[in-house]
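Visitor: One file: protein-v3.cif (mmCIF, C-alpha atoms).
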data_query
loop_
_atom_site.group_PDB
_atom_site.id
_atom_site.type_symbol
_atom_site.label_atom_id
_atom_site.label_comp_id
_atom_site.auth_asym_id
_atom_site.auth_seq_id
_atom_site.Cartn_x
_atom_site.Cartn_y
_atom_site.Cartn_z
ATOM 1 C CA MET A 1 -2.044 9.374 29.016
ATOM 2 C CA GLY A 2 -4.541 6.867 27.600
ATOM 3 C CA SER A 3 -2.261 6.219 24.625
ATOM 4 C CA GLU A 4 0.673 5.697 27.014
ATOM 5 C CA ARG A 5 -1.303 3.099 28.935
ATOM 6 C CA ARG A 6 -2.164 1.345 25.684
ATOM 7 C CA ARG A 7 1.464 1.328 24.626
ATOM 8 C CA GLY A 8 2.471 -0.015 28.044
ATOM 9 C CA LYS A 9 -0.126 -2.766 27.831
ATOM 10 C CA ALA A 10 1.043 -3.793 24.379
ATOM 11 C CA LYS A 11 4.655 -3.908 25.510
ATOM 12 C CA SER A 12 4.016 -5.956 28.624
ATOM 13 C CA GLY A 13 1.488 -8.359 27.129
ATOM 14 C CA ASP A 14 0.693 -8.596 23.441
ATOM 15 C CA GLN A 15 4.054 -7.374 22.167
ATOM 16 C CA LEU A 16 6.034 -9.841 24.255
ATOM 17 C CA SER A 17 3.782 -12.723 23.183
ATOM 18 C CA ARG A 18 4.261 -11.726 19.556
ATOM 19 C CA GLY A 19 8.017 -11.690 20.034
ATOM 20 C CA GLU A 20 7.884 -15.161 21.538
ATOM 21 C CA LEU A 21 5.693 -16.369 18.665
ATOM 22 C CA VAL A 22 8.116 -15.045 16.053
ATOM 23 C CA HIS A 23 11.058 -16.582 17.921
ATOM 24 C CA LEU A 24 9.403 -20.008 17.999
ATOM 25 C CA LYS A 25 8.331 -19.820 14.347
ATOM 26 C CA LEU A 26 11.843 -18.917 13.213
ATOM 27 C CA LEU A 27 13.382 -21.577 15.447
ATOM 28 C CA ASP A 28 11.072 -24.230 13.975
ATOM 29 C CA ALA A 29 11.870 -23.050 10.440
ATOM 30 C CA ILE A 30 15.626 -23.288 11.064
ATOM 31 C CA ARG A 31 15.222 -26.740 12.633
ATOM 32 C CA ALA A 32 13.157 -27.884 9.644
ATOM 33 C CA GLY A 33 15.735 -26.585 7.178
ATOM 34 C CA GLU A 34 13.419 -23.965 5.700
ATOM 35 C CA PHE A 35 16.180 -21.431 6.363
ATOM 36 C CA ARG A 36 19.547 -22.930 5.517
ATOM 37 C CA PRO A 37 22.963 -22.078 6.994
ATOM 38 C CA GLY A 38 24.377 -19.013 5.232
ATOM 39 C CA GLU A 39 20.950 -17.845 4.040
ATOM 40 C CA ARG A 40 20.052 -14.202 4.585
ATOM 41 C CA ILE A 41 16.900 -13.443 6.579
ATOM 42 C CA ARG A 42 15.224 -10.056 6.203
ATOM 43 C CA GLU A 43 13.123 -8.450 8.920
ATOM 44 C CA ALA A 44 10.547 -7.124 6.475
ATOM 45 C CA GLU A 45 9.995 -10.525 4.832
ATOM 46 C CA ILE A 46 9.573 -12.303 8.176
ATOM 47 C CA ALA A 47 7.173 -9.611 9.386
ATOM 48 C CA LYS A 48 5.074 -10.043 6.226
ATOM 49 C CA TRP A 49 5.210 -13.847 6.451
ATOM 50 C CA LEU A 50 3.951 -13.894 10.044
ATOM 51 C CA GLY A 51 1.676 -10.866 9.812
ATOM 52 C CA VAL A 52 3.395 -8.872 12.547
ATOM 53 C CA SER A 53 5.270 -5.594 12.835
ATOM 54 C CA ARG A 54 9.056 -5.509 12.613
ATOM 55 C CA THR A 55 9.447 -4.910 16.372
ATOM 56 C CA PRO A 56 8.754 -8.525 17.484
ATOM 57 C CA VAL A 57 10.836 -9.772 14.551
ATOM 58 C CA ARG A 58 13.740 -7.635 15.758
ATOM 59 C CA GLU A 59 13.291 -9.062 19.259
ATOM 60 C CA ALA A 60 13.335 -12.623 17.918
ATOM 61 C CA PHE A 61 16.440 -11.888 15.853
ATOM 62 C CA ARG A 62 18.246 -10.665 18.975
ATOM 63 C CA ARG A 63 17.380 -13.871 20.853
ATOM 64 C CA LEU A 64 18.481 -16.106 18.009
ATOM 65 C CA GLN A 65 21.725 -14.160 17.653
ATOM 66 C CA ALA A 66 22.373 -14.562 21.384
ATOM 67 C CA ASP A 67 21.877 -18.330 20.959
ATOM 68 C CA GLY A 68 24.301 -18.399 18.019
ATOM 69 C CA LEU A 69 21.700 -19.406 15.434
ATOM 70 C CA LEU A 70 21.760 -16.085 13.571
ATOM 71 C CA VAL A 71 24.757 -13.850 12.903
ATOM 72 C CA PHE A 72 25.178 -10.356 11.503
ATOM 73 C CA GLU A 73 27.507 -10.053 8.527
ATOM 74 C CA PRO A 74 28.675 -6.688 7.112
ATOM 75 C CA TRP A 75 27.127 -5.887 3.746
ATOM 76 C CA ARG A 76 24.745 -8.844 4.003
ATOM 77 C CA GLY A 77 22.797 -8.329 7.199
ATOM 78 C CA VAL A 78 21.378 -11.144 9.322
ATOM 79 C CA VAL A 79 22.078 -14.689 8.107
ATOM 80 C CA VAL A 80 21.613 -18.189 9.493
ATOM 81 C CA ALA A 81 24.867 -19.191 11.158
ATOM 82 C CA GLU A 82 27.209 -21.746 9.592
ATOM 83 C CA LEU A 83 29.362 -24.080 11.671
ATOM 84 C CA ASP A 84 33.005 -24.599 10.758
ATOM 85 C CA GLN A 85 34.788 -27.920 11.313
ATOM 86 C CA GLN A 86 36.139 -26.947 14.734
ATOM 87 C CA GLN A 87 32.664 -25.952 15.919
ATOM 88 C CA LEU A 88 31.333 -29.266 14.625
ATOM 89 C CA ILE A 89 33.951 -31.196 16.619
ATOM 90 C CA GLU A 90 33.115 -29.186 19.750
ATOM 91 C CA LEU A 91 29.413 -29.799 19.199
ATOM 92 C CA TYR A 92 29.840 -33.559 18.938
ATOM 93 C CA ALA A 93 32.095 -33.554 22.009
ATOM 94 C CA MET A 94 29.189 -32.094 23.982
ATOM 95 C CA ARG A 95 26.748 -34.527 22.393
ATOM 96 C CA LYS A 96 28.829 -37.479 23.586
ATOM 97 C CA VAL A 97 28.805 -36.192 27.160
ATOM 98 C CA LEU A 98 25.168 -35.115 27.328
ATOM 99 C CA GLU A 99 23.603 -37.960 25.343
ATOM 100 C CA GLY A 100 25.712 -40.505 27.179
ATOM 101 C CA THR A 101 24.455 -39.065 30.455
ATOM 102 C CA ALA A 102 20.866 -39.100 29.171
ATOM 103 C CA ALA A 103 21.082 -42.770 28.196
ATOM 104 C CA GLY A 104 22.602 -43.668 31.564
ATOM 105 C CA LEU A 105 19.833 -41.858 33.420
ATOM 106 C CA ALA A 106 17.205 -43.428 31.156
ATOM 107 C CA ALA A 107 18.488 -46.860 32.191
ATOM 108 C CA GLN A 108 17.721 -45.869 35.781
ATOM 109 C CA HIS A 109 14.497 -43.914 35.392
ATOM 110 C CA ALA A 110 12.705 -44.770 32.130
ATOM 111 C CA ALA A 111 9.189 -46.132 32.417
ATOM 112 C CA GLU A 112 8.545 -49.447 30.664
ATOM 113 C CA SER A 113 6.236 -47.626 28.247
ATOM 114 C CA GLN A 114 9.067 -45.255 27.314
ATOM 115 C CA ILE A 115 11.403 -48.174 26.609
ATOM 116 C CA ALA A 116 8.693 -49.760 24.455
ATOM 117 C CA THR A 117 8.325 -46.499 22.508
ATOM 118 C CA LEU A 118 12.064 -46.421 21.807
ATOM 119 C CA ALA A 119 11.923 -49.994 20.478
ATOM 120 C CA GLU A 120 8.911 -49.131 18.297
ATOM 121 C CA LEU A 121 10.728 -46.144 16.790
ATOM 122 C CA ILE A 122 13.624 -48.395 15.802
ATOM 123 C CA ASP A 123 11.235 -50.884 14.181
ATOM 124 C CA THR A 124 9.453 -48.094 12.316
ATOM 125 C CA ALA A 125 12.771 -46.779 11.011
ATOM 126 C CA ASP A 126 13.456 -50.204 9.457
ATOM 127 C CA THR A 127 10.751 -49.493 6.879
ATOM 128 C CA ALA A 128 11.310 -45.743 6.435
ATOM 129 C CA ALA A 129 10.979 -44.653 2.817
ATOM 130 C CA ASP A 130 13.948 -42.307 2.499
ATOM 131 C CA ALA A 131 16.779 -40.468 4.287
ATOM 132 C CA ALA A 132 14.508 -37.580 5.310
ATOM 133 C CA GLU A 133 12.020 -39.898 7.042
ATOM 134 C CA ARG A 134 14.836 -41.838 8.695
ATOM 135 C CA ALA A 135 16.382 -38.594 9.962
ATOM 136 C CA GLU A 136 13.029 -37.482 11.391
ATOM 137 C CA LEU A 137 12.546 -40.809 13.184
ATOM 138 C CA ASN A 138 16.109 -40.528 14.477
ATOM 139 C CA ARG A 139 15.292 -37.118 15.991
ATOM 140 C CA HIS A 140 12.230 -38.603 17.683
ATOM 141 C CA PHE A 141 14.315 -41.497 18.991
ATOM 142 C CA HIS A 142 16.879 -39.226 20.620
ATOM 143 C CA GLN A 143 14.202 -36.871 21.943
ATOM 144 C CA ASN A 144 12.507 -39.821 23.626
ATOM 145 C CA ILE A 145 15.766 -40.823 25.312
ATOM 146 C CA TYR A 146 16.094 -37.264 26.624
ATOM 147 C CA ALA A 147 12.589 -37.473 28.065
ATOM 148 C CA ALA A 148 13.235 -40.926 29.541
ATOM 149 C CA ALA A 149 16.190 -39.527 31.509
ATOM 150 C CA HIS A 150 13.689 -37.572 33.637
ATOM 151 C CA ASN A 151 16.035 -34.648 34.295
ATOM 152 C CA ARG A 152 14.663 -31.232 33.338
ATOM 153 C CA TYR A 153 18.036 -29.488 33.417
ATOM 154 C CA LEU A 154 19.673 -32.071 31.175
ATOM 155 C CA LEU A 155 16.675 -31.837 28.842
ATOM 156 C CA LYS A 156 17.109 -28.071 28.575
ATOM 157 C CA ALA A 157 20.808 -28.457 27.703
ATOM 158 C CA LEU A 158 20.082 -31.149 25.122
ATOM 159 C CA ASN A 159 17.367 -29.073 23.459
ATOM 160 C CA ALA A 160 19.790 -26.153 23.138
ATOM 161 C CA LEU A 161 22.303 -28.528 21.568
ATOM 162 C CA ARG A 162 19.616 -29.779 19.188
ATOM 163 C CA ASP A 163 19.072 -26.228 17.954
ATOM 164 C CA SER A 164 22.771 -25.967 17.098
ATOM 165 C CA MET A 165 22.555 -29.307 15.267
ATOM 166 C CA ALA A 166 19.993 -27.699 12.957
ATOM 167 C CA LEU A 167 22.853 -25.610 11.521
ATOM 168 C CA LEU A 168 24.505 -28.713 10.070
ATOM 169 C CA PRO A 169 23.782 -29.298 6.383
ATOM 170 C CA SER A 170 21.747 -32.312 5.257
ATOM 171 C CA THR A 171 21.675 -35.552 7.287
ATOM 172 C CA THR A 172 24.190 -38.356 7.774
ATOM 173 C CA TYR A 173 21.406 -40.746 6.766
ATOM 174 C CA ALA A 174 22.133 -39.681 3.197
ATOM 175 C CA LEU A 175 25.393 -41.665 3.424
ATOM 176 C CA THR A 176 25.202 -45.207 2.059
ATOM 177 C CA GLY A 177 25.052 -47.722 4.891
ATOM 178 C CA ARG A 178 24.734 -45.195 7.728
ATOM 179 C CA HIS A 179 21.090 -46.048 8.417
ATOM 180 C CA GLU A 180 21.786 -49.744 8.947
ATOM 181 C CA ILE A 181 24.773 -49.036 11.209
ATOM 182 C CA ALA A 182 22.804 -46.477 13.244
ATOM 183 C CA GLN A 183 19.938 -48.930 13.687
ATOM 184 C CA GLY A 184 22.310 -51.424 15.289
ATOM 185 C CA GLU A 185 23.721 -48.708 17.542
ATOM 186 C CA HIS A 186 20.206 -47.654 18.551
ATOM 187 C CA ARG A 187 19.348 -51.243 19.453
ATOM 188 C CA ASP A 188 22.464 -51.467 21.628
ATOM 189 C CA ILE A 189 21.400 -48.321 23.510
ATOM 190 C CA VAL A 190 17.832 -49.497 24.056
ATOM 191 C CA GLY A 191 19.001 -52.985 25.032
ATOM 192 C CA ALA A 192 21.182 -51.511 27.775
ATOM 193 C CA ILE A 193 18.370 -49.242 28.958
ATOM 194 C CA ALA A 194 15.969 -52.201 29.063
ATOM 195 C CA ARG A 195 18.493 -54.186 31.140
ATOM 196 C CA ARG A 196 18.734 -51.213 33.515
ATOM 197 C CA ASP A 197 22.486 -51.022 32.931
ATOM 198 C CA PRO A 198 23.475 -47.320 33.137
ATOM 199 C CA LYS A 199 27.161 -47.850 32.332
ATOM 200 C CA ALA A 200 26.438 -49.911 29.232
ATOM 201 C CA ALA A 201 23.745 -47.463 28.100
ATOM 202 C CA GLU A 202 26.090 -44.500 28.459
ATOM 203 C CA ALA A 203 28.904 -46.307 26.643
ATOM 204 C CA ALA A 204 26.561 -47.331 23.804
ATOM 205 C CA ALA A 205 25.266 -43.780 23.430
ATOM 206 C CA ARG A 206 28.767 -42.299 23.421
ATOM 207 C CA HIS A 207 29.838 -44.823 20.767
ATOM 208 C CA HIS A 208 26.790 -43.952 18.660
ATOM 209 C CA ILE A 209 27.556 -40.224 18.744
ATOM 210 C CA ALA A 210 31.240 -40.866 17.967
ATOM 211 C CA GLU A 211 30.223 -42.859 14.889
ATOM 212 C CA ALA A 212 27.769 -40.135 13.897
ATOM 213 C CA GLU A 213 30.596 -37.606 14.111
ATOM 214 C CA LYS A 214 32.767 -39.733 11.807
ATOM 215 C CA ALA A 215 29.882 -39.961 9.338
ATOM 216 C CA ARG A 216 29.340 -36.203 9.483
ATOM 217 C CA LEU A 217 33.016 -35.449 8.819
ATOM 218 C CA LYS A 218 33.025 -37.942 5.942
ATOM 219 C CA MET A 219 29.974 -36.218 4.470
ATOM 220 C CA ILE A 220 31.627 -32.805 4.690
ATOM 221 C CA ILE A 221 34.774 -34.122 2.979
ATOM 222 C CA GLU A 222 32.675 -35.624 0.179
ATOM 223 C CA MET A 223 30.672 -32.409 -0.218
ATOM 224 C CA ASN A 224 33.842 -30.318 -0.406
ATOM 225 C CA ARG A 225 35.342 -32.706 -2.947
ATOM 226 C CA GLY A 226 32.167 -32.468 -5.031
ATOM 227 C CA ASN A 227 32.255 -28.678 -4.947
ATOM 228 C CA LYS A 228 35.869 -28.699 -6.167
ATOM 229 C CA ASP A 229 35.019 -31.098 -8.968
ATOM 230 C CA THR A 230 32.304 -28.771 -10.270
ATOM 231 C CA THR A 231 34.435 -25.625 -10.097
ATOM 232 C CA PRO A 232 35.177 -24.392 -13.650
#
Output the structure of this file as structure tokens.
Guide:
Amino acid sequence: MGSERRRGKAKSGDQLSRGELVHLKLLDAIRAGEFRPGERIREAEIAKWLGVSRTPVREAFRRLQADGLLVFEPWRGVVVAELDQQQLIELYAMRKVLEGTAAGLAAQHAAESQIATLAELIDTADTAADAAERAELNRHFHQNIYAAAHNRYLLKALNALRDSMALLPSTTYALTGRHEIAQGEHRDIVGAIARRDPKAAEAAARHHIAEAEKARLKMIIEMNRGNKDTTP
């Protein structure tokens, strides 16, 4: 009976917290690109990496599969999901709606300090050293707009969308000229927010995401062309 109580305690407390820890660690690793789309992930290796049993790893895998970030493939096992072109188009369609809404709400509800932070992030990006740093600053910029919207339900939806964005290869900031164009688009968004013009802010954000989608599709075309050129 004592052992049953101990098992019950572990399941209700420690075991669940371990599962949550593993889930968050894996989610962060996928977001950071440490596990790339199409890469196989093994339970035993994750358990060893995090110093846990395979039970919380299995729990985390189930959650990530339910969210579409991991998939099970016959003969391979669990791999990081890859998005096809149709999924990419659907993803950007949602980004336009949600990020446009976030910018519009930010124009109504953002604190002056939040607007100042957005402007500072743009200025910092002007001197970023490389595409990776620019992409990281871009993520912070968008995350700050989400926060400035002051809507917890929209924030939850946008964060889920951000996790799906982690499945896209590389960054559009690797494309020549994209950084400079995006900087102008960011300034248009922040300018509209600062003027407290929700319609203009939403339109600017939608335009920005539409241009990002074009850049992403161009990148995929160039990557596919490069792969064909190197095929023996």
Visitor: Taking the file as I've supplied it (selection: the PyMOL selection byres ((chain A and resi 144-157) around 7)), which residues are included? Please answer as a PyMOL selection string.
Guide: chain A and resi 102-103+105-106+109-110+114+118+140-143+158-161
Visitor: Go through A:His179, A:His208, A:Arg40, A:Arg95 one by one, measure the shortest atom-to-atom distance of each to Pro74 of chain A using only C-alpha atoms, and give the residue with the smallest value.
Guide: A:Arg40
Visitor: One decimal, in Å: what's the spacing between atom CA of Asn138 of chain A and atom CA of Leu121 of chain A?
Guide: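 Straight-line distance from atom CA of Asn138 of chain A to atom CA of Leu121 of chain A works out to 8.1 Å.
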Visitor: In terms of the shortest atom-to-atom distance over only C-alpha atoms, which of A:Ala119, A:Ala174, A:Gln65, A:Thr101 is closest to Arg134 of chain A?
Guide: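 Of the candidates, the smallest distance to Arg134 of chain A is held by A:Ala174.
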Visitor: Between A:Leu168, A:Val52, A:Ile193, A:Leu137, which residue has the minimum interatomic distance to Gly38 of chain A, considering only C-alpha atoms?
Guide: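 Comparing A:Leu168, A:Val52, A:Ile193, A:Leu137 against Gly38 of chain A, the winner is A:Leu168.
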Visitor: Might you pull out every residue within 10 Å of Ile41 of chain A, with all atoms listed in the file counted and same-chain residues fewer than 2 positions away left off, and present them as a PyMOL selection string?
Guide: chain A and resi 26+35-36+38-39+43-46+61+70+76-80
Visitor: With distances taken over only C-alpha atoms, which residue among A:Arg31, A:Arg178, A:Arg54, A:His23 lies nearest Arg162 of chain A?
Guide: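 Among the listed residues, the smallest separation from Arg162 of chain A belongs to A:Arg31.
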Visitor: Tell me which of A:Thr172, A:Ile89, A:Glu59, A:Ala125 sits closest to Met219 of chain A, counting all atoms listed in the file.
Guide: A:Thr172
Visitor: Expand the PyMOL selection byres ((chain A and resi 204) around 8) into the explicit residue set it covers here, and present it as a list in words.
Guide: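 Applying the PyMOL selection byres ((chain A and resi 204) around 8) to the structure shown produces Gly100, Glu185, Asp188, Ile189, Ala192, Ala200, Ala201, Glu202, Ala203, Ala205, Arg206, His207 and His208 of chain A.
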Visitor: By how many Å are atom CA of Arg62 of chain A and atom CA of Ile30 of chain A apart?
Guide: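 Interatomic distance, atom CA of Arg62 of chain A to atom CA of Ile30 of chain A: 15.1 Å.
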Visitor: Kindly give the distance, in Å, that separates atom CA of Ala131 of chain A and atom CA of Ala182 of chain A, rounded to a single decimal.
Guide: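 So the answer is 12.4 Å.
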Visitor: Need the axis-aligned box for segment 117-131 of chain A with 4 Å each side, so what are the centre and edges in Å to one decimal, as AutoDock Vina command-line options?
Guide:
--center_x 12.6 --center_y -45.7 --center_z 12.5 --size_x 16.5 --size_y 18.4 --size_z 28.0
